[in-house]
Each structure stands twice: as structure tokens, then as C-alpha cells.
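Below is model-v3.cif, holding mmCIF, C-alpha atoms and all ligand atoms.
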data_model
loop_
_atom_site.label_atom_id
_atom_site.label_comp_id
_atom_site.auth_asym_id
_atom_site.auth_seq_id
_atom_site.Cartn_x
_atom_site.Cartn_y
_atom_site.Cartn_z
CA MET A 1 106.70 80.97 85.41
CA SER A 2 103.44 81.79 87.18
CA TRP A 3 102.86 85.04 88.97
CA GLU A 4 103.09 83.23 92.27
CA GLU A 5 106.43 81.67 91.41
CA SER A 6 107.92 84.86 90.04
CA THR A 7 107.00 86.92 93.06
CA ARG A 8 107.37 84.32 95.79
CA GLU A 9 110.86 85.50 96.64
CA LYS A 10 109.76 89.09 96.79
CA MET A 11 106.26 88.64 98.17
CA LEU A 12 105.96 86.04 100.82
CA HIS A 13 108.11 87.63 103.45
CA LEU A 14 105.31 88.61 105.77
CA LYS A 15 106.12 87.23 109.20
CA LEU A 16 102.60 86.28 110.20
CA PRO A 17 100.03 84.72 107.90
CA THR A 18 96.50 86.04 108.26
CA ASP A 19 94.37 84.03 110.66
CA PRO A 20 92.31 81.71 108.43
CA ARG A 21 89.16 82.67 110.36
CA TRP A 22 89.42 86.19 108.99
CA VAL A 23 88.19 85.39 105.47
CA ASP A 24 85.09 83.60 106.79
CA ILE A 25 84.16 86.46 109.08
CA ALA A 26 84.92 88.98 106.35
CA GLU A 27 82.61 87.23 103.92
CA MET A 28 79.78 87.55 106.43
CA GLN A 29 80.43 91.28 106.69
CA LEU A 30 80.89 92.03 103.02
CA GLU A 31 79.44 95.53 103.14
CA ASP A 32 81.87 96.52 105.92
CA ILE A 33 84.76 94.94 104.06
CA LEU A 34 83.93 96.69 100.79
CA VAL A 35 83.55 100.08 102.48
CA ASP A 36 86.81 99.61 104.38
CA HIS A 37 88.47 98.42 101.18
CA ALA A 38 87.29 101.50 99.26
CA TYR A 39 89.02 103.68 101.83
CA CYS A 40 92.17 101.57 101.60
CA GLU A 41 92.29 102.39 97.89
CA GLN A 42 91.64 106.07 98.61
CA LYS A 43 94.48 106.10 101.16
CA ALA A 44 96.80 104.35 98.72
CA ALA A 45 96.09 107.06 96.11
CA SER A 46 96.42 109.85 98.69
CA SER A 47 99.73 108.58 100.05
CA CYS A 48 101.23 108.47 96.53
CA ILE A 49 100.01 112.03 95.93
CA SER A 50 101.67 113.09 99.20
CA LEU A 51 104.96 111.49 98.13
CA ILE A 52 104.81 113.20 94.74
CA LEU A 53 104.26 116.60 96.41
CA ARG A 54 106.92 116.06 99.06
CA PHE A 55 109.60 114.65 96.75
CA ASN A 56 108.76 116.70 93.65
CA ASP A 57 112.48 117.05 92.82
CA LEU A 58 112.94 113.26 92.47
CA ASP A 59 111.93 112.55 88.88
CA GLU A 60 111.67 108.80 89.28
CA ILE A 61 109.42 109.12 92.31
CA VAL A 62 107.13 111.57 90.50
CA ASP A 63 107.05 109.62 87.23
CA THR A 64 106.59 106.19 88.84
CA LEU A 65 103.98 107.17 91.39
CA THR A 66 101.81 109.32 89.12
CA PRO A 67 100.33 106.36 87.20
CA ILE A 68 99.94 104.45 90.48
CA VAL A 69 97.68 107.24 91.79
CA ALA A 70 95.46 106.68 88.74
CA GLU A 71 95.47 102.91 89.29
CA GLU A 72 94.56 103.21 92.97
CA TRP A 73 91.78 105.63 92.14
CA GLY A 74 90.58 103.19 89.50
CA HIS A 75 90.47 100.54 92.24
CA PHE A 76 88.44 102.90 94.41
CA GLU A 77 85.93 103.34 91.59
CA ARG A 78 85.69 99.59 91.09
CA VAL A 79 85.07 98.90 94.79
CA LEU A 80 82.38 101.58 94.78
CA GLU A 81 80.79 99.89 91.76
CA GLN A 82 80.76 96.55 93.64
CA LEU A 83 79.00 98.22 96.57
CA ARG A 84 76.43 99.96 94.35
CA LYS A 85 75.51 96.86 92.36
CA ARG A 86 74.84 94.97 95.60
CA GLY A 87 72.64 97.77 96.97
CA MET A 88 75.18 98.32 99.74
CA LYS A 89 75.89 101.72 101.23
CA PHE A 90 79.13 103.63 101.06
CA GLY A 91 79.66 105.71 104.18
CA PRO A 92 82.19 107.38 106.41
CA PRO A 93 85.68 105.95 106.90
CA ARG A 94 86.39 103.73 109.88
CA LYS A 95 89.29 104.31 112.20
CA ASP A 96 92.19 102.50 110.58
CA GLU A 97 94.02 101.13 113.61
CA TYR A 98 96.32 99.03 111.46
CA VAL A 99 97.68 101.99 109.52
CA ILE A 100 97.77 104.20 112.64
CA LYS A 101 99.87 101.57 114.42
CA LEU A 102 102.17 101.12 111.44
CA ALA A 103 102.66 104.88 111.10
CA GLU A 104 103.93 104.97 114.70
CA PHE A 105 106.92 102.93 113.55
CA VAL A 106 108.05 105.55 111.01
CA LYS A 107 111.44 106.86 112.22
CA LYS A 108 111.35 110.58 112.87
CA GLY A 109 114.25 112.74 111.74
CA GLY A 110 117.21 111.45 109.78
CA SER A 111 118.05 112.51 106.27
CA ARG A 112 115.46 113.30 103.65
CA MET A 113 116.32 110.04 101.86
CA GLN A 114 115.82 108.12 105.11
CA GLN A 115 112.40 109.73 105.40
CA LEU A 116 111.64 108.68 101.84
CA THR A 117 112.72 105.12 102.62
CA GLU A 118 110.44 104.97 105.64
CA GLN A 119 107.45 106.10 103.63
CA LEU A 120 108.20 103.72 100.76
CA LEU A 121 108.59 100.76 103.12
CA LEU A 122 105.38 101.66 104.94
CA ASN A 123 103.55 101.72 101.61
CA ALA A 124 105.23 98.47 100.51
CA LEU A 125 104.12 96.73 103.67
CA ILE A 126 100.49 97.76 103.33
CA GLU A 127 100.57 96.57 99.71
CA ALA A 128 102.07 93.22 100.73
CA ARG A 129 99.46 92.60 103.42
CA SER A 130 96.64 93.74 101.12
CA CYS A 131 97.92 91.38 98.49
CA GLU A 132 97.90 88.49 100.95
CA ARG A 133 94.35 89.31 102.01
CA PHE A 134 93.10 89.70 98.43
CA LYS A 135 94.54 86.28 97.70
CA LEU A 136 92.59 84.79 100.62
CA LEU A 137 89.41 86.50 99.46
CA SER A 138 89.89 85.43 95.84
CA LYS A 139 90.38 81.81 96.86
CA ASN A 140 87.76 81.48 99.56
CA ILE A 141 84.68 83.59 99.03
CA ALA A 142 81.65 82.23 97.22
CA ASP A 143 80.88 85.24 95.00
CA GLU A 144 82.55 84.49 91.64
CA GLU A 145 82.65 88.07 90.46
CA LEU A 146 84.43 89.10 93.65
CA GLN A 147 86.82 86.16 93.36
CA LYS A 148 87.98 87.54 90.00
CA PHE A 149 87.97 91.10 91.24
CA TYR A 150 90.21 90.28 94.20
CA TYR A 151 92.50 88.18 92.05
CA GLU A 152 93.06 91.14 89.70
CA LEU A 153 93.70 93.46 92.63
CA MET A 154 96.13 90.98 94.15
CA ILE A 155 98.23 91.12 90.96
CA SER A 156 98.08 94.91 90.83
CA GLU A 157 99.02 95.45 94.49
CA ALA A 158 101.86 92.94 94.17
CA GLY A 159 103.24 95.10 91.38
CA HIS A 160 102.99 98.18 93.60
CA TYR A 161 104.72 96.35 96.43
CA VAL A 162 107.67 95.51 94.18
CA THR A 163 107.76 99.09 92.84
CA PHE A 164 107.93 100.62 96.33
CA ILE A 165 110.71 98.29 97.45
CA GLU A 166 112.69 98.90 94.28
CA LEU A 167 112.32 102.67 94.61
CA ALA A 168 113.57 102.47 98.20
CA ARG A 169 116.61 100.48 97.07
CA LYS A 170 117.28 103.06 94.39
CA TYR A 171 117.45 106.04 96.73
CA GLN A 172 119.14 104.37 99.70
CA ASP A 173 121.84 101.77 100.19
CA ALA A 174 120.17 98.43 99.44
CA ASP A 175 121.62 96.69 102.51
CA LYS A 176 120.26 99.41 104.77
CA VAL A 177 116.88 99.16 103.10
CA ASN A 178 116.85 95.38 103.50
CA ARG A 179 117.75 95.59 107.18
CA ARG A 180 115.07 98.18 107.83
CA TRP A 181 112.57 96.11 105.84
CA GLN A 182 113.14 93.18 108.21
CA GLU A 183 112.37 95.47 111.16
CA TRP A 184 109.19 96.65 109.46
CA LEU A 185 108.12 93.04 108.83
CA GLU A 186 108.65 92.09 112.48
CA TYR A 187 106.77 95.14 113.66
CA GLU A 188 103.85 94.52 111.30
CA ALA A 189 103.47 90.96 112.58
CA ALA A 190 103.35 92.29 116.16
CA VAL A 191 100.69 94.85 115.18
CA LEU A 192 98.50 92.20 113.57
CA ARG A 193 98.81 89.94 116.61
CA GLN A 194 97.77 92.82 118.81
CA LEU A 195 94.77 93.80 116.65
CA GLY A 196 93.38 90.28 116.45
CA VAL A 197 90.84 89.06 113.89
CA ARG A 198 88.22 91.55 112.73
CA GLY A 199 85.82 90.80 109.92
CA ASP A 200 84.87 94.43 109.32
CA ARG A 201 88.34 95.51 108.26
CA MET A 202 90.54 94.69 105.32
CA HIS A 203 93.53 94.70 107.72
FE FE B 1 94.84 99.36 95.01
FE FE B 2 98.39 99.43 95.52
#
Produce C-alpha cells that represent the structure in this file.
Ligand SMILES: [Fe+2]
Ligand SMILES: [Fe+2]
Amino acid sequence: MSWEESTREKMLHLKLPTDPRWVDIAEMQLEDILVDHAYCEQKAASSCISLILRFNDLDEIVDTLTPIVAEEWGHFERVLEQLRKRGMKFGPPRKDEYVIKLAEFVKKGGSRMQQLTEQLLLNALIEARSCERFKLLSKNIADEELQKFYYELMISEAGHYVTFIELARKYQDADKVNRRWQEWLEYEAAVLRQLGVRGDRMH
């Protein structure tokens, strides 16, 4: 079974496909996309570190997320390498309106496990959308090295997506997690609609 088949059930639940114009605009603004992407990888690593620190008593969280930090940082290094070899400049982070908007949906209060679920689902959602965008890039941009690069990242982020969802279902009632996941998916689609198409951002 191909990767696509094996993860279709788990993966393709995003409620709004990316506007097909995005990949064309993104390709024309490759430097912006790579810089924004580098910071996405940094944020992915940082958010796993935060979860490890906050839930240090949960062995499975600590032990599962620790290698993911290393993977995300490895992705950061690889994006930086792609920038350097093209003579493109790294620079300051851009305001990440997508993640800011998503973070507004995190439920305040509740039990500690509910807080954990919220964070895991937030991470899962960003992984799912990144995966969808990497797939578009890998299939549509002209640069063959980047096609392969994005394909590899798509596989890796799909694995992270599954890991986050499975962790959430481990620490909270699976039906509750599934119901909340549907709310997150609806909300994310509304956020994307509101943000519109921007070629200088990964999301
Ligand atoms: Fe990554
Ligand atoms: Fe990831």
C-alpha cells in the first residue's frame, strides 16, 4: 500500500483544500517561502520542547516528542541549506497570522489533560496543513531538488501528524478527541478562507 493510501483515512480530513493559485505564487517568491518555512520548522521544534517541559511527568509525551524535536531541527537545518545554496538570505521571522489565529481557538482552562489535548490537536493541524502544502510544492514546482526535498518533508510531517493525534487519543477519551478534532478542522478552514492566498507564507 502506498503512503498516500495508508494515510488517506488519517490525512485528508482538512476541510478546505489549498487554493491552487498558492503554489504558483509561492514558486515566484521562493526566498520568502523558504525563510517562512525555516521558521515553521523552528516553531515545530520549539512547540515540542514546550510540551516536554510542561508535561515532564508524562513519559510517553517526553519520549515521543524528544526525537521529533531533533527531526524538526534537522528540517530547519535543511531549509537553511537550501537558502544558502541559492544565495538567498535568511532573516527575521514574519508575523505568523495563521498560527496566531489558530492559537486563539485553544480552549482556556479545563483539566490538564484537556490542555494537553488542545496543544496536541493544534500541532496535528499545523502538521496536516504543512503536509498538504509540501505535497503541492513537491508536485508542482520546477526545481527538481526542491521537489524531492518537499516530498521527503511531506512524509515526515505526515508521521508527526499521526503521532500527535494518537498521543491525544491516548491521554483523553478518543470520542472526545475526535469531536474536538472536527471543531479544529472547521475552524482551520475558516481561518484559511479569511487569510486568503499569500505567496510569501507557507500557510
Ligand atoms: Fe518539520
Ligand atoms: Fe513536523
Notebook entry, point to check: Hey, which residues come within 10 Å of ligand FE 2 (chain B) if we count all atoms listed in the file? Could you give them as a ChimeraX atom specification?
Noted result: /A:40-45,48,68-69,71-73,75,123-124,126-128,130-131,153-161,163-164
Next item on the list: Could you check which of A:Thr64, A:Gln29, A:Gln194, A:Thr117 is closest to Asp173 (chain A), using only C-alpha atoms?
Entry: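 Among A:Thr64, A:Gln29, A:Gln194, A:Thr117, it is A:Thr117 that comes nearest to Asp173 (chain A).
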Next item on the list: Considering all atoms listed in the file, state which residue in the set A:Leu51, A:Leu58, A:Leu80, A:Leu136 is at the smallest distance from Asp36 (chain A).
Entry: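 Distance minimum relative to Asp36 (chain A) lands on A:Leu80.
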Draw an axis-aligned box tight on the listed atoms of region 32-36 of chain A, then pad every side by 3 Å and write out centre and edge lengths in Å to one decimal as JSON.
{"center_x": 84.3, "center_y": 97.5, "center_z": 103.4, "size_x": 10.9, "size_y": 11.1, "size_z": 11.1}
Next item on the list: Identify which of the residues A:Leu30, A:Leu122, A:Tyr150, A:Gly110 lies closest to ligand FE 1 (chain B), counting only C-alpha atoms and all ligand atoms when measuring atom-to-atom distances.
Entry: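 Of the candidates, the smallest distance to ligand FE 1 (chain B) is held by A:Tyr150.
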Next item on the list: Just give me the gap between CA of Leu192 (chain A) and CA of Tyr98 (chain A) in Å, one decimal is fine.
Entry: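 Going from CA of Leu192 (chain A) over to CA of Tyr98 (chain A), I get 7.5 Å.
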Check: Quick one: distance from CA of Ser50 (chain A) to CA of Ala189 (chain A) in Å, one decimal?
Finding: 25.9 Å
Note to self: Report, in Å with one decimal, the straight-line distance from CA of Ile52 (chain A) to CA of Arg180 (chain A).
What the structure shows: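 So the answer is 22.4 Å.
Shortest atom-to-atom contact with ligand FE 1 (chain B) among A:Pro93, A:Phe149, A:Leu120, A:Gln115: A:Phe149, counting all atoms listed in the file.
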Next item on the list: Select, from A:Leu34, A:Ala142, A:Val162, A:Ile25, the residue with the minimum atom-to-atom distance to Gly87 (chain A), counting only C-alpha atoms.
Entry: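 Answer, going by the shortest atom-to-atom distance: A:Leu34.
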Item checked: Val191 (chain A) environment, 10 Å, all atoms listed in the file, sequence neighbours closer than 2 positions dropped, as a ChimeraX atom specification -> /A:97-99,101-102,185-189,193-196
Selection from above, C-alpha atoms, as a PDB file, in the frame of the given file, can you write it?
ATOM      1  CA  GLU A  97      94.020 101.130 113.610  1.00  0.00           C
ATOM      2  CA  TYR A  98      96.320  99.030 111.460  1.00  0.00           C
ATOM      3  CA  VAL A  99      97.680 101.990 109.520  1.00  0.00           C
ATOM      4  CA  LYS A 101      99.870 101.570 114.420  1.00  0.00           C
ATOM      5  CA  LEU A 102     102.170 101.120 111.440  1.00  0.00           C
ATOM      6  CA  LEU A 185     108.120  93.040 108.830  1.00  0.00           C
ATOM      7  CA  GLU A 186     108.650  92.090 112.480  1.00  0.00           C
ATOM      8  CA  TYR A 187     106.770  95.140 113.660  1.00  0.00           C
ATOM      9  CA  GLU A 188     103.850  94.520 111.300  1.00  0.00           C
ATOM     10  CA  ALA A 189     103.470  90.960 112.580  1.00  0.00           C
ATOM     11  CA  ARG A 193      98.810  89.940 116.610  1.00  0.00           C
ATOM     12  CA  GLN A 194      97.770  92.820 118.810  1.00  0.00           C
ATOM     13  CA  LEU A 195      94.770  93.800 116.650  1.00  0.00           C
ATOM     14  CA  GLY A 196      93.380  90.280 116.450  1.00  0.00           C
TER      15      GLY A 196
END
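Among the candidates A:Ala103, A:Ala168, A:Leu16, A:Val35, the one nearest to Met88 (chain A) when counting all atoms listed in the file is A:Val35.
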Tell me which protein, DNA and RNA residues are within 10 Å of Val177 (chain A), counting only C-alpha atoms, leaving out same-chain ones fewer than 4 positions away, and put them as a PDB file with C-alpha atoms, in the coordinates of the input.
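Output file out15.pdb follows:
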ATOM      1  CA  GLN A 114     115.820 108.120 105.110  1.00  0.00           C
ATOM      2  CA  THR A 117     112.720 105.120 102.620  1.00  0.00           C
ATOM      3  CA  GLU A 118     110.440 104.970 105.640  1.00  0.00           C
ATOM      4  CA  LEU A 121     108.590 100.760 103.120  1.00  0.00           C
ATOM      5  CA  ILE A 165     110.710  98.290  97.450  1.00  0.00           C
ATOM      6  CA  GLU A 166     112.690  98.900  94.280  1.00  0.00           C
ATOM      7  CA  ALA A 168     113.570 102.470  98.200  1.00  0.00           C
ATOM      8  CA  ARG A 169     116.610 100.480  97.070  1.00  0.00           C
ATOM      9  CA  LYS A 170     117.280 103.060  94.390  1.00  0.00           C
ATOM     10  CA  TYR A 171     117.450 106.040  96.730  1.00  0.00           C
ATOM     11  CA  GLN A 172     119.140 104.370  99.700  1.00  0.00           C
ATOM     12  CA  ASP A 173     121.840 101.770 100.190  1.00  0.00           C
ATOM     13  CA  TRP A 181     112.570  96.110 105.840  1.00  0.00           C
ATOM     14  CA  GLN A 182     113.140  93.180 108.210  1.00  0.00           C
ATOM     15  CA  GLU A 183     112.370  95.470 111.160  1.00  0.00           C
TER      16      GLU A 183
END
